[in-house]
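Next comes target_38.cif, a file with mmCIF, C-alpha atoms and all ligand atoms.
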data_run
loop_
_atom_site.label_atom_id
_atom_site.label_comp_id
_atom_site.auth_asym_id
_atom_site.auth_seq_id
_atom_site.Cartn_x
_atom_site.Cartn_y
_atom_site.Cartn_z
CA MET A 810 18.92 18.09 -6.86
CA GLN A 811 18.57 21.84 -7.18
CA ARG A 812 17.43 21.49 -10.79
CA GLY A 813 14.80 18.91 -9.88
CA ILE A 814 12.31 17.64 -12.42
CA GLN A 815 11.52 20.28 -15.03
CA PHE A 816 7.88 20.80 -15.92
CA GLU A 817 5.44 23.61 -16.33
CA GLY A 818 2.92 24.42 -13.66
CA ARG A 819 2.67 24.51 -9.93
CA PRO A 820 5.94 23.20 -8.53
CA VAL A 821 4.98 20.16 -6.48
CA TRP A 822 5.62 16.66 -7.74
CA ALA A 823 6.16 13.05 -6.74
CA GLU A 824 9.05 10.95 -8.01
CA ILE A 825 8.45 7.22 -8.11
CA ARG A 826 11.51 5.09 -8.60
CA LEU A 827 10.44 2.09 -10.66
CA SER A 828 13.80 0.43 -10.01
CA ALA A 829 13.03 0.50 -6.27
CA LEU A 830 9.68 -1.22 -6.87
CA ALA A 831 11.40 -3.92 -8.93
CA TYR A 832 14.13 -4.26 -6.30
CA ASN A 833 11.55 -4.69 -3.53
CA LEU A 834 9.58 -7.27 -5.48
CA ARG A 835 12.73 -9.29 -6.15
CA ALA A 836 13.80 -8.99 -2.51
CA ILE A 837 10.39 -10.32 -1.42
CA ARG A 838 10.65 -13.14 -3.95
CA ARG A 839 14.12 -14.10 -2.65
CA HIS A 840 12.85 -13.98 0.92
CA LEU A 841 9.89 -16.22 0.05
CA LYS A 842 12.23 -18.63 -1.72
CA ALA A 843 14.53 -18.91 1.28
CA ALA A 844 12.09 -21.16 3.13
CA THR A 845 11.93 -23.45 0.09
CA ALA A 846 15.71 -23.64 0.01
CA GLN A 847 15.68 -24.63 3.68
CA GLY A 848 13.44 -27.56 2.76
CA ALA A 849 10.43 -26.23 4.68
CA ARG A 850 8.19 -26.46 1.60
CA ARG A 851 8.21 -27.79 -1.94
CA GLU A 852 7.51 -24.62 -3.92
CA PRO A 853 7.88 -20.97 -2.96
CA PRO A 854 4.58 -19.10 -2.63
CA LYS A 855 3.32 -17.11 -5.58
CA LEU A 856 3.39 -13.36 -5.21
CA LEU A 857 0.26 -11.23 -5.46
CA ALA A 858 1.22 -7.55 -5.60
CA VAL A 859 -1.37 -5.38 -3.88
CA VAL A 860 -1.87 -2.28 -6.03
CA LYS A 861 -5.22 -1.11 -4.68
CA GLY A 862 -5.76 2.54 -3.73
CA ASN A 863 -3.99 3.70 -6.92
CA ALA A 864 -1.03 1.51 -5.91
CA TYR A 865 -0.93 3.11 -2.46
CA GLY A 866 -0.98 6.51 -4.14
CA HIS A 867 1.98 5.76 -6.43
CA GLY A 868 -0.14 5.32 -9.60
CA ALA A 869 -1.77 1.97 -10.37
CA VAL A 870 -0.94 1.55 -14.05
CA PRO A 871 2.77 2.49 -14.12
CA VAL A 872 3.35 0.58 -10.88
CA ALA A 873 1.54 -2.55 -12.11
CA ARG A 874 3.49 -2.40 -15.39
CA ALA A 875 6.78 -2.15 -13.49
CA LEU A 876 5.84 -5.00 -11.14
CA SER A 877 4.64 -7.11 -14.05
CA ARG A 878 8.04 -6.66 -15.74
CA ALA A 879 9.70 -7.59 -12.42
CA GLY A 880 7.69 -10.82 -12.29
CA ALA A 881 4.57 -10.37 -10.11
CA ASP A 882 2.33 -13.43 -10.49
CA TRP A 883 -0.95 -11.78 -9.51
CA PHE A 884 -2.29 -8.32 -8.75
CA GLY A 885 -4.72 -7.38 -5.99
CA VAL A 886 -7.13 -4.45 -6.28
CA THR A 887 -10.09 -3.46 -4.18
CA CYS A 888 -12.92 -3.20 -6.70
CA THR A 889 -13.98 -3.87 -10.28
CA ALA A 890 -13.18 -0.31 -11.40
CA GLU A 891 -9.57 -0.63 -10.18
CA GLY A 892 -9.21 -3.99 -11.93
CA ALA A 893 -10.73 -2.68 -15.16
CA GLU A 894 -8.23 0.21 -15.15
CA LEU A 895 -5.36 -2.30 -15.12
CA ARG A 896 -6.92 -4.50 -17.81
CA GLU A 897 -7.53 -1.50 -20.06
CA ALA A 898 -3.85 -0.59 -19.62
CA GLY A 899 -2.86 -4.05 -20.85
CA ILE A 900 -2.08 -5.87 -17.59
CA ARG A 901 -2.55 -9.58 -18.30
CA GLU A 902 -1.76 -11.28 -14.99
CA PRO A 903 -4.70 -12.57 -12.96
CA ILE A 904 -6.25 -9.82 -10.83
CA LEU A 905 -7.97 -10.57 -7.54
CA VAL A 906 -10.70 -8.14 -6.49
CA LEU A 907 -10.06 -8.24 -2.77
CA THR A 908 -13.30 -6.77 -1.44
CA GLY A 909 -15.45 -8.56 -3.98
CA PHE A 910 -18.19 -7.09 -6.12
CA TRP A 911 -21.43 -5.21 -5.75
CA ALA A 912 -24.67 -6.61 -7.19
CA GLY A 913 -24.87 -5.46 -10.81
CA GLU A 914 -21.11 -5.44 -11.35
CA GLU A 915 -20.78 -9.16 -12.15
CA ASN A 916 -20.90 -8.76 -15.92
CA ARG A 917 -18.19 -6.12 -16.05
CA LEU A 918 -16.10 -8.14 -13.63
CA LEU A 919 -16.26 -11.19 -15.90
CA GLU A 920 -15.81 -9.22 -19.12
CA GLN A 921 -12.55 -7.86 -17.67
CA ARG A 922 -11.44 -11.35 -16.58
CA LEU A 923 -11.17 -10.26 -12.93
CA THR A 924 -11.23 -12.83 -10.15
CA PRO A 925 -13.63 -11.87 -7.37
CA ALA A 926 -13.33 -12.56 -3.68
CA ILE A 927 -16.54 -14.03 -2.32
CA THR A 928 -17.18 -12.62 1.14
CA ARG A 929 -20.88 -13.59 1.61
CA CYS A 930 -22.60 -16.82 0.57
CA GLU A 931 -25.36 -14.98 -1.37
CA GLN A 932 -22.76 -13.65 -3.81
CA LEU A 933 -22.19 -17.17 -5.15
CA ARG A 934 -25.55 -17.33 -6.94
CA LEU A 935 -25.15 -13.86 -8.45
CA LEU A 936 -21.76 -14.80 -9.80
CA ASP A 937 -22.93 -18.19 -11.00
CA ARG A 938 -25.81 -16.62 -12.96
CA ALA A 939 -23.46 -14.12 -14.57
CA ALA A 940 -20.98 -16.90 -15.33
CA ALA A 941 -23.72 -18.99 -16.97
CA ARG A 942 -24.64 -16.04 -19.22
CA LYS A 943 -21.11 -15.01 -20.11
CA HIS A 944 -18.74 -17.92 -20.07
CA ARG A 945 -18.26 -21.39 -21.34
CA ARG A 946 -15.39 -22.04 -18.92
CA LYS A 947 -15.90 -22.20 -15.17
CA VAL A 948 -15.29 -18.85 -13.49
CA PRO A 949 -12.70 -18.87 -10.72
CA PHE A 950 -13.25 -17.11 -7.40
CA HIS A 951 -11.44 -16.88 -4.05
CA LEU A 952 -13.30 -17.45 -0.81
CA LYS A 953 -12.48 -15.01 1.97
CA ILE A 954 -12.79 -16.52 5.42
CA GLU A 955 -13.52 -14.44 8.49
CA THR A 956 -11.04 -15.46 11.17
CA GLY A 957 -11.00 -12.55 13.61
CA MET A 958 -10.84 -9.21 11.78
CA ASN A 959 -14.66 -9.15 11.96
CA ARG A 960 -15.09 -7.23 8.75
CA LEU A 961 -15.48 -9.21 5.54
CA GLY A 962 -15.60 -12.94 4.96
CA VAL A 963 -17.61 -16.11 5.37
CA ALA A 964 -17.51 -17.07 9.05
CA PRO A 965 -16.64 -20.63 10.14
CA ALA A 966 -20.27 -21.13 11.27
CA GLU A 967 -21.42 -20.42 7.68
CA LEU A 968 -19.32 -23.13 6.07
CA GLY A 969 -22.29 -25.49 5.69
CA VAL A 970 -24.36 -22.85 3.86
CA PHE A 971 -21.37 -22.01 1.68
CA ALA A 972 -20.81 -25.66 0.71
CA ARG A 973 -24.51 -26.27 -0.05
CA THR A 974 -24.80 -23.09 -2.11
CA LEU A 975 -21.63 -23.80 -4.07
CA ALA A 976 -22.91 -27.29 -4.89
CA HIS A 977 -25.67 -25.53 -6.88
CA CYS A 978 -23.28 -23.23 -8.74
CA PRO A 979 -21.98 -25.38 -11.60
CA HIS A 980 -20.27 -22.47 -13.39
CA LEU A 981 -17.93 -21.56 -10.54
CA TYR A 982 -14.53 -22.85 -9.55
CA LEU A 983 -12.99 -22.41 -6.07
CA GLU A 984 -9.48 -21.32 -6.98
CA GLY A 985 -8.38 -19.68 -3.75
CA ILE A 986 -9.08 -19.56 -0.04
CA PHE A 987 -7.81 -16.66 2.04
CA THR A 988 -8.08 -14.58 5.14
CA HIS A 989 -6.69 -11.21 6.23
CA PHE A 990 -4.77 -10.48 9.41
CA ALA A 991 -5.84 -7.69 11.75
CA SER A 992 -2.44 -7.12 13.36
CA SER A 993 0.32 -9.27 11.94
CA GLU A 994 2.89 -6.60 12.93
CA ILE A 995 2.03 -7.11 16.62
CA PHE A 996 4.15 -9.78 18.26
CA SER A 997 3.18 -8.97 21.83
CA ASN A 998 -0.13 -10.86 21.64
CA GLU A 999 -1.49 -14.07 20.09
CA GLN A 1000 -4.07 -12.53 17.77
CA THR A 1001 -2.41 -13.51 14.50
CA GLU A 1002 -1.72 -17.00 15.81
CA SER A 1003 -5.42 -17.31 16.71
CA GLN A 1004 -6.47 -16.20 13.20
CA ARG A 1005 -4.03 -18.65 11.64
CA ALA A 1006 -5.34 -21.51 13.79
CA ILE A 1007 -8.98 -20.71 12.89
CA PHE A 1008 -8.01 -20.60 9.21
CA GLU A 1009 -6.18 -23.96 9.41
CA GLU A 1010 -9.18 -25.50 11.09
CA MET A 1011 -11.46 -24.18 8.35
CA LEU A 1012 -9.16 -25.63 5.68
CA GLY A 1013 -9.41 -29.00 7.44
CA ARG A 1014 -13.21 -28.83 7.63
CA MET A 1015 -13.39 -27.81 3.98
CA GLN A 1016 -11.16 -30.67 2.95
CA ALA A 1017 -13.52 -33.05 4.74
CA LEU A 1018 -16.28 -31.61 2.51
CA ASN A 1019 -14.10 -32.13 -0.57
CA LEU A 1020 -13.49 -28.39 -0.90
CA SER A 1021 -9.93 -27.37 -1.57
CA ALA A 1022 -8.16 -24.80 -3.71
CA PRO A 1023 -4.71 -24.51 -5.25
CA LEU A 1024 -4.18 -21.01 -3.85
CA VAL A 1025 -4.21 -20.50 -0.09
CA HIS A 1026 -3.15 -17.05 1.09
CA LEU A 1027 -2.98 -15.10 4.31
CA ALA A 1028 0.22 -13.05 4.45
CA ASN A 1029 0.21 -9.25 4.15
CA SER A 1030 3.47 -7.29 4.44
CA ALA A 1031 4.31 -7.86 8.10
CA ALA A 1032 3.50 -11.57 7.79
CA VAL A 1033 5.57 -11.81 4.61
CA ALA A 1034 8.52 -10.27 6.45
CA LEU A 1035 8.43 -12.18 9.72
CA ARG A 1036 5.83 -14.95 9.79
CA PRO A 1037 6.84 -17.69 7.34
CA ASP A 1038 4.28 -20.07 8.83
CA THR A 1039 1.55 -17.92 7.23
CA TRP A 1040 2.84 -17.90 3.66
CA GLY A 1041 0.53 -20.57 2.23
CA THR A 1042 0.80 -21.00 -1.55
CA MET A 1043 0.59 -17.26 -2.25
CA ALA A 1044 1.57 -14.10 -0.37
CA ARG A 1045 -0.18 -10.72 -0.67
CA PRO A 1046 2.33 -7.96 0.10
CA GLY A 1047 1.35 -4.31 -0.27
CA LEU A 1048 3.38 -1.84 1.77
CA VAL A 1049 6.71 -3.66 1.50
CA LEU A 1050 6.54 -3.43 -2.30
CA TYR A 1051 6.65 0.35 -1.97
CA GLY A 1052 9.67 0.12 0.29
CA TYR A 1053 8.49 0.32 3.90
CA HIS A 1054 8.02 -1.97 6.84
CA GLN A 1055 5.17 -1.59 9.29
CA SER A 1056 5.89 -0.23 12.76
CA TYR A 1057 6.22 -3.46 14.73
CA ASP A 1058 5.38 -4.13 18.32
CA PRO A 1059 7.68 -4.68 20.12
CA PRO A 1060 9.73 -2.16 18.12
CA ASP A 1061 12.85 -4.37 17.96
CA GLN A 1062 10.95 -6.51 15.45
CA THR A 1063 11.32 -3.61 13.00
CA ALA A 1064 15.09 -4.16 12.98
CA ALA A 1065 14.45 -7.87 12.47
CA ALA A 1066 12.20 -7.09 9.50
CA ASP A 1067 14.84 -4.74 8.04
CA ALA A 1068 17.47 -7.45 8.37
CA GLU A 1069 15.26 -10.18 6.86
CA LEU A 1070 13.91 -8.04 4.08
CA PRO A 1071 15.89 -4.88 3.21
CA LEU A 1072 13.78 -2.49 1.14
CA ARG A 1073 14.14 0.68 -0.92
CA PRO A 1074 11.54 3.47 -0.54
CA ALA A 1075 10.10 4.24 -3.97
CA LEU A 1076 8.54 7.63 -3.31
CA ALA A 1077 9.87 11.16 -3.08
CA LEU A 1078 7.65 14.23 -2.73
CA ARG A 1079 9.19 17.55 -3.61
CA SER A 1080 8.25 21.16 -4.13
CA ARG A 1081 10.00 24.49 -4.51
CA LEU A 1082 10.47 27.69 -2.53
CA ILE A 1083 8.08 30.20 -4.08
CA SER A 1084 8.69 33.07 -1.67
CA LEU A 1085 11.32 34.12 0.88
CA ARG A 1086 10.49 36.71 3.50
CA ASP A 1087 12.36 38.20 6.45
CA ILE A 1088 10.27 38.79 9.55
CA LEU A 1089 10.89 40.40 12.90
CA PRO A 1090 10.78 38.76 16.34
CA GLY A 1091 7.15 38.61 17.53
CA GLN A 1092 5.64 38.41 14.02
CA GLY A 1093 3.41 35.42 13.36
CA VAL A 1094 3.27 33.18 10.28
CA GLY A 1095 0.25 31.63 8.55
CA TYR A 1096 -3.28 30.85 9.75
CA ASN A 1097 -3.92 31.76 13.39
CA HIS A 1098 -0.26 32.71 13.77
CA ARG A 1099 0.43 29.31 15.31
CA TRP A 1100 4.12 30.11 15.04
CA VAL A 1101 5.62 33.41 16.19
CA ALA A 1102 9.22 34.26 15.34
CA PRO A 1103 11.47 34.18 18.41
CA ARG A 1104 14.29 35.98 16.53
CA PRO A 1105 14.78 37.75 13.21
CA SER A 1106 13.79 34.93 10.84
CA ARG A 1107 13.77 34.08 7.16
CA ILE A 1108 10.62 32.22 6.14
CA ALA A 1109 10.41 30.10 2.98
CA VAL A 1110 6.98 29.54 1.48
CA ILE A 1111 6.73 26.14 -0.21
CA SER A 1112 4.16 25.21 -2.79
CA ALA A 1113 2.59 22.13 -1.16
CA GLY A 1114 -0.18 21.68 1.36
CA TYR A 1115 -2.72 19.28 2.74
CA ALA A 1116 -4.55 19.09 -0.60
CA ASP A 1117 -1.34 17.55 -1.91
CA GLY A 1118 -1.28 15.04 0.94
CA ILE A 1119 0.88 16.74 3.55
CA PRO A 1120 -0.66 15.92 6.93
CA ARG A 1121 -1.96 19.01 8.72
CA ALA A 1122 -0.69 17.38 11.91
CA LEU A 1123 2.81 18.48 10.80
CA THR A 1124 1.88 22.05 11.78
CA ASN A 1125 4.89 23.38 13.74
CA ARG A 1126 6.31 19.83 13.85
CA GLY A 1127 7.49 18.79 10.39
CA ARG A 1128 10.72 19.34 8.50
CA VAL A 1129 11.67 19.80 4.87
CA ILE A 1130 15.08 19.31 3.30
CA ILE A 1131 16.55 22.26 1.40
CA ARG A 1132 20.06 22.09 -0.10
CA GLY A 1133 20.71 18.91 1.86
CA GLN A 1134 19.79 20.48 5.22
CA PHE A 1135 16.72 20.15 7.40
CA ALA A 1136 14.56 23.22 7.91
CA PRO A 1137 11.72 23.11 10.46
CA MET A 1138 8.18 23.63 9.19
CA VAL A 1139 6.71 26.57 11.04
CA GLY A 1140 3.09 27.67 11.17
CA THR A 1141 -0.05 25.90 10.04
CA VAL A 1142 0.03 23.43 7.15
CA SER A 1143 -2.57 24.96 4.87
CA MET A 1144 -4.33 23.57 1.81
CA ASP A 1145 -1.77 24.72 -0.74
CA LEU A 1146 1.25 26.01 1.17
CA ILE A 1147 3.65 25.21 3.95
CA THR A 1148 6.20 27.50 5.53
CA ALA A 1149 9.67 26.66 6.81
CA ASP A 1150 12.22 28.56 8.87
CA VAL A 1151 15.36 28.83 6.72
CA THR A 1152 17.18 31.33 8.91
CA ASP A 1153 19.96 28.78 9.39
CA ILE A 1154 20.24 28.03 5.67
CA PRO A 1155 21.34 31.48 4.40
CA GLU A 1156 22.18 30.04 0.97
CA ALA A 1157 18.49 29.09 0.36
CA ARG A 1158 17.16 30.79 -2.77
CA LEU A 1159 13.83 31.29 -4.47
CA GLY A 1160 13.13 28.24 -6.65
CA ASP A 1161 15.18 25.83 -4.55
CA VAL A 1162 13.84 22.31 -4.23
CA ALA A 1163 12.22 21.42 -0.89
CA THR A 1164 12.03 17.69 -0.21
CA ILE A 1165 9.10 16.63 1.93
CA TYR A 1166 9.58 12.86 1.59
CA GLY A 1167 12.75 11.36 0.17
CA ALA A 1168 16.46 12.11 0.11
CA ASP A 1169 18.43 15.22 -0.83
CA GLY A 1170 22.18 14.91 -0.52
CA ALA A 1171 23.06 13.22 2.74
CA ALA A 1172 19.72 14.09 4.36
CA SER A 1173 16.63 11.93 4.07
CA GLN A 1174 13.16 11.71 5.55
CA TYR A 1175 10.90 8.98 4.27
CA VAL A 1176 7.12 8.89 4.34
CA SER A 1177 7.28 6.06 6.89
CA GLU A 1178 9.13 8.31 9.38
CA VAL A 1179 6.66 11.14 8.89
CA ALA A 1180 3.74 8.71 9.36
CA HIS A 1181 5.26 7.54 12.62
CA GLN A 1182 5.76 11.15 13.71
CA VAL A 1183 2.11 12.08 13.14
CA GLY A 1184 0.75 8.83 14.57
CA THR A 1185 -0.59 7.18 11.46
CA VAL A 1186 0.43 4.36 9.12
CA THR A 1187 2.65 4.79 6.07
CA SER A 1188 -0.10 3.59 3.70
CA ASP A 1189 -2.34 6.42 4.92
CA LEU A 1190 0.16 9.12 3.92
CA CYS A 1191 0.98 7.39 0.62
CA CYS A 1192 -2.72 7.19 -0.28
CA ALA A 1193 -3.18 10.82 0.78
CA LEU A 1194 -0.92 12.04 -2.06
CA GLY A 1195 -3.16 14.51 -3.88
CA LYS A 1196 -4.63 13.94 -7.30
CA ARG A 1197 -3.14 17.26 -8.43
CA VAL A 1198 0.42 16.12 -7.66
CA PRO A 1199 2.00 15.00 -10.95
CA ARG A 1200 3.82 11.69 -10.66
CA PHE A 1201 7.10 11.20 -12.51
CA TYR A 1202 8.35 7.65 -12.98
CA LEU A 1203 12.11 7.27 -12.82
CA ARG A 1204 13.74 4.17 -14.24
C1 LIG B 1 -6.93 -8.32 1.73
C2 LIG B 1 -5.62 -7.60 1.76
N1 LIG B 1 -4.50 -8.29 1.52
C3 LIG B 1 -3.28 -7.70 1.55
C4 LIG B 1 -3.15 -6.36 1.83
C5 LIG B 1 -1.78 -5.75 1.88
O1 LIG B 1 -1.50 -5.26 3.15
P1 LIG B 1 -0.06 -4.63 3.48
O2 LIG B 1 -0.01 -3.31 2.82
O3 LIG B 1 -0.02 -4.56 4.96
O4 LIG B 1 0.91 -5.58 2.91
C6 LIG B 1 -4.30 -5.60 2.10
C7 LIG B 1 -4.17 -4.18 2.45
O5 LIG B 1 -4.85 -3.62 3.22
C8 LIG B 1 -5.56 -6.25 2.06
O6 LIG B 1 -6.69 -5.57 2.30
#
Written form, structure tokens:
Amino acid sequence: MQRGIQFEGRPVWAEIRLSALAYNLRAIRRHLKAATAQGARREPPKLLAVVKGNAYGHGAVPVARALSRAGADWFGVTCTAEGAELREAGIREPILVLTGFWAGEENRLLEQRLTPAITRCEQLRLLDRAAARKHRRKVPFHLKIETGMNRLGVAPAELGVFARTLAHCPHLYLEGIFTHFASSEIFSNEQTESQRAIFEEMLGRMQALNLSAPLVHLANSAAVALRPDTWGTMARPGLVLYGYHQSYDPPDQTAAADAELPLRPALALRSRLISLRDILPGQGVGYNHRWVAPRPSRIAVISAGYADGIPRALTNRGRVIIRGQFAPMVGTVSMDLITADVTDIPEARLGDVATIYGADGAASQYVSEVAHQVGTVTSDLCCALGKRVPRFYLR
């Protein structure tokens, strides 16, 4: 560990373990198959790997390539530009653009063979016109249904308008119907159950109008882990692919999720000690001297800050791992630097590796734990990983 990854430049880097991504995808696949084995359904759901937000900060192209090799059926991105990036990198699986398209983007979307979500009825005509210009085959789309998140989607009351509009769109093909859960990790209320019931009712009403689709999907990570009744014919996991469960409510559900679906965190974030300084009791460290030494102290300066994605909320609260031991972060997390008290690690040396997320020896601290500590979600901290942090992909 002390050698770390060798490269020139500012010493802060992310390590992304491709084998962990493949392991997680296979674990999810096995978990989805279990219900089939128990006779609850005929075929296991397909697996759409959500790689939006630069694959939750891990790097969209290398992650999608690794997940493609591991057998992902579909990919999910947020917009045309994210989908085009994957196509240009040679990803061939179908790609669902989860938040749909903006007027004017239809041609690029179709040129890149991306599958749009339709979230408003008016988008049907735009897409149909583009499809008529561009394609001889019918263009597939997925209909997003609003069931309770109250963000994007065609509401149940709009089903009539949707059906009438679609009847005048001869170049389109309804391939998928989906919704998105607002709080599938919460088991202490009925919200997810209510969304699922509204969705089922919509499917029934659509069937009565002769509208059905081969792909029906609802399940994000928490629903994939613990709500098999939401799996439909495709599941859409994001966070679990990267190796983390949500924080469940009640918390004992987290242990249940771990037991059902054991995962391997894919990400490590590391830096190096670029300065060591002895200070006297009463001397302050960093901006506003938010930490003042209570004893003679040795302070390590580490080359990583909030521009690299370290939450500023870790000021005086975080820890780093140096030589397999935890050292408390002291002082303000600044844009480019953090500081840690290494008084109790006398063997610490200039150039040592400091692990911010990940394992070093017997000690570990994953991004999910840090997210919990600062009161945010794991995806937030993953996506916060700075653009200037080089990513190294370990096989
Ligand atoms: C529509 C949609 N499906 C699936 C996901 C994956 O969610 P998670 O990371 O909780 O699995 C997201 C992420 O926000 C999403 O927006």
For Val1183 in chain A: contacts at 9 Å, only C-alpha atoms, fewer than 2 positions along chain excluded, given as JSON, numbers by chain: {"A": [1120, 1122, 1123, 1126, 1178, 1179, 1180, 1181, 1185, 1186]}
Expected selection as a list in words for ligand LIG 1 (chain B) within 8 Å, only C-alpha atoms and all ligand atoms: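 Residues lying within 8 Å of ligand LIG 1 (chain B): Val859, Lys861, Gly885, Thr887, Leu907, Thr908, Thr988, His989, Leu1027, Ala1028, Asn1029, Ser1030, Ala1031, Val1033, Arg1045, Pro1046, Gly1047, Leu1048, Val1049, Leu1050, Gln1055 and Ser1188 of chain A.
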Starting from the point (-15.4, -21.8, -13.8), work out which residues of protein, DNA or RNA have an atom no more than 8 Å away when counting only C-alpha atoms; state them as a PyMOL selection string. chain A and resi 940+946-949+979-982
By how many Å are CA of Phe884 in chain A and CA of Leu905 in chain A apart?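 We find that CA of Phe884 in chain A and CA of Leu905 in chain A lie 6.2 Å from each other.
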To one decimal place in Å, what is the distance between CA of Gly1195 in chain A and CA of Leu876 in chain A?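 About the pair CA of Gly1195 in chain A and CA of Leu876 in chain A: they are 22.7 Å apart.
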Range 1129-1138 of chain A surroundings by all atoms listed in the file, 10 Å radius, close-in-sequence under 2 positions cut, as an MDAnalysis selection string: chainID A and resid 810:811 1079:1082 1100 1108:1111 1123:1127 1140:1142 1147:1154 1156:1158 1161:1174
May I have the protein, DNA and RNA residues with an atom at most 9 Å from (4.1, -10.4, -10.0), counting only C-alpha atoms in the file's coordinates, returned as a list in words?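 The requested residues, written out, are Leu834, Lys855, Leu856, Leu857, Ala858, Ala873, Leu876, Ser877, Arg878, Ala879, Gly880, Ala881, Asp882, Trp883, Phe884 and Glu902 of chain A.
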Tell me, in Å to one decimal, how far CA of Ser1084 in chain A is from CA of Val1176 in chain A. 25.0 Å
Looking at A:Ala966, A:Ala1077, A:Ala1032, A:Cys930, which one is nearest to Glu1010 in chain A, with distances taken over only C-alpha atoms? A:Ala966
Polymer residues at most 12 Å from Glu920 in chain A, only C-alpha atoms, same-chain spacing of 6 or more positions, as a PyMOL selection string: chain A and resi 889+892-893+896-897+914+939-940+942-944+948
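Nearest-residue note for Gly868 in chain A: choosing from A:Arg973, A:Lys842, A:Arg901, A:Arg826, the minimum distance belongs to A:Arg826, counting only C-alpha atoms.
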Please identify all polymer residues within 10 Å of Val1198 in chain A, counting all atoms listed in the file, omitting same-chain residues fewer than 4 positions from it, and present them as a ChimeraX atom specification. /A:819-823,1078-1080,1113,1116-1118,1194
Which one is closest to Ile825 in chain A: A:Ile1088, A:Val872, A:Ile1119, A:Ala1193? Count only C-alpha atoms.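 Checking each of A:Ile1088, A:Val872, A:Ile1119, A:Ala1193 against Ile825 in chain A, counting only C-alpha atoms, the winner is A:Val872.
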Taking only C-alpha atoms into account, name the residue in A:Gln1092, A:Ala844, A:Leu895, A:Val1101 that is nearest to Ala864 in chain A. A:Leu895
